[in-house]
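Asks: One structure follows; several queries about it will come next.
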Amino acid sequence: MNPYIKNINRIEFVVTYACTGRCKHCSEGDHAAFREYINGDKAALLVRQVCGNFSIDSLMTFGGEPLLHPEVVCQIHSAAREMEIPKRQLITNGFFSKKEGNIREIAEKLAQSGVNAILLSVDAFHQETIPLEPVKCFAKAVQSAGVFLRTQPAWLVSPEDRNPYNRQTARILREFEEMGISAAEGNVIFPSGNALKYLAEYFDPNRQYENPYDENPEDIRTICVSPNGEVLGGNLYQEDILTILENYTPVKG
């Protein structure tokens, strides 16, 4: 086995970079015109092939806003459930429709497909452009469907910092706590993309920030697939994932 990938235990899919929000903290920058999304058949096949060769503990789908393509999300999680991956997570901002019936239908399909944990991205940044009511409607539908749900806020500087954005985030989180939905630890915003463009005043120009999502290229633990099929120096649409893994070599310097 390729020694660089022997410890793989997690699979992630960026379903699409298209999004219903226009968040100023987004590390991906402005991607309003993005339309591409991952191929569900290829993604499901990857799950089955990888699980046949590695012990996978968790799988996550996210974006952009992954629920712009709920059929793909469900296809991926159905494969994950079939392969008995214990933790099957979805990160969403909860805003993909304003129609209550459609929202309930998607929540039920997510539960049926095997999603067993949803992290709901709500905070001062998301709610600048995303209305809370349809998000709360989705949260209630998820609760009714029996899927574990927590809020996943983005904090500026640190969770303890008392800047105006964090204070607004805390107020929003309290509204969900009143619904019986507690907050996860969340994440601290990394200075990249829109965050560096719109929130530069909050970052220390003399500090070297470490990207929390970077992995050791010589000890890959997570297979992360982009909407265009790119993964670990290869492309899922052009070659088999097992071939990509076997041929993977770290990029030097």
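Ligands are numbered from 1 in the order shown, residues from 1 within each chain, and chains are lettered A, B, ... in the order they appear in the structure tokens.
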With only C-alpha atoms as the counted atoms, please give the residues lying no more than 6 Å from Leu59 in chain A, apart from itself and same-chain residues fewer than 6 positions off, as a ChimeraX atom specification.
Replies: /A:10-12,88
Asks: Enumerate the residues of range 28-123 of chain A with a DSSP assignment of strand (DSSP E or B), computed from the backbone, and present them as a list in words.
Replies: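 Assigned to strand (DSSP E or B), within range 28-123 of chain A: Tyr37, Ser58, Leu59, Met60, Thr61, Phe62, Gly63, Lys87, Arg88, Gln89, Leu90, Ile91, Thr92, Ala117, Ile118, Leu119 and Leu120 of chain A.
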Asks: What are the closest atom pairs, with distances in Å to one decimal, for all residues of range 12-53 of chain A lying within 10 Å of range 96-111 of chain A? Consider only C-alpha atoms, order rows by chain and residue number, and present the result as CSV.
Replies:
```
residue,atom,partner,partner_atom,distance
A:Cys19,CA,A:Phe96,CA,8.8
A:Thr20,CA,A:Phe96,CA,6.8
A:Gly21,CA,A:Phe96,CA,9.8
```
Asks: When you count only C-alpha atoms, which of these residues is closest to Arg207 in chain A: A:Leu45, A:Trp155, A:Pro191, A:Asp57?
Replies: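 Using only C-alpha atoms, the shortest distance to Arg207 in chain A belongs to A:Pro191.
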Asks: Env of Phe148 in chain A: 9 Å cut, atoms = only C-alpha atoms, seq-sep filter 3 positions within chain, self excluded. Answer as an MDAnalysis selection string.
Replies: chainID A and resid 115:119 142:143
Asks: What does the distance between CA of Leu120 in chain A and CA of Thr151 in chain A come to in Å, to one decimal place?
Replies: 4.5 Å
Asks: Between CA of Arg167 in chain A and CA of Leu199 in chain A, what distance in Å does the model show, to one decimal?
Replies: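 One can read the CA of Arg167 in chain A to CA of Leu199 in chain A distance as 15.7 Å.
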Asks: Could you list, as a PyMOL selection string, every residue within 10 Å of His69 in chain A, counting only C-alpha atoms and ignoring same-chain residues fewer than 3 positions away?
Replies: chain A and resi 15-16+18+37-38+40+65-66+72-74+96
Asks: Would you please extract all helix (DSSP H, G or I) residues from range 59-230 of chain A, as assigned by DSSP on the backbone, and give them as a PyMOL selection string?
Replies: chain A and resi 66-68+70-82+100-113+126-128+132-145+164-177+194-198+200-202
Asks: Have a look at A:Cys51, A:Thr61, A:Lys24, A:Asn247 and name the one nearest to Glu82 in chain A; count only C-alpha atoms.
Replies: A:Cys51
Asks: Using only C-alpha atoms, which protein or nucleic acid residues come within 9 Å of Arg81 in chain A? Drop anything in the same chain fewer than 4 positions from it, and give the result as a PyMOL selection string.
Replies: chain A and resi 76-77+85-86+88+113-115
Asks: Find the residues near Val135 in chain A: any atom within 8 Å, counting only C-alpha atoms, skip ones fewer than 6 places away on the same chain, and give them as an MDAnalysis selection string.
Replies: chainID A and resid 93:95
Asks: As a VMD selection string, please: the residues near Glu201 in chain A (cut-off 12 Å, only C-alpha atoms, same-chain neighbours under 5 positions excluded).
Replies: chain A and resid 156 to 157 163 191 195 to 196
Asks: Using only C-alpha atoms, please write the residues we just selected to a file, as a PDB file, in the first residue's frame.
Replies:
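Wrote it out as again.pdb, contents follow:
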```pdb
ATOM      1  CA  LEU A 156     -14.268  36.093  14.464  1.00  0.00           C
ATOM      2  CA  VAL A 157     -10.865  36.264  16.234  1.00  0.00           C
ATOM      3  CA  ASN A 163     -16.533  42.086  18.651  1.00  0.00           C
ATOM      4  CA  PRO A 191      -8.014  34.921   6.779  1.00  0.00           C
ATOM      5  CA  ALA A 195     -12.608  37.087   5.048  1.00  0.00           C
ATOM      6  CA  LEU A 196      -9.318  38.675   4.075  1.00  0.00           C
TER       7      LEU A 196
END
```
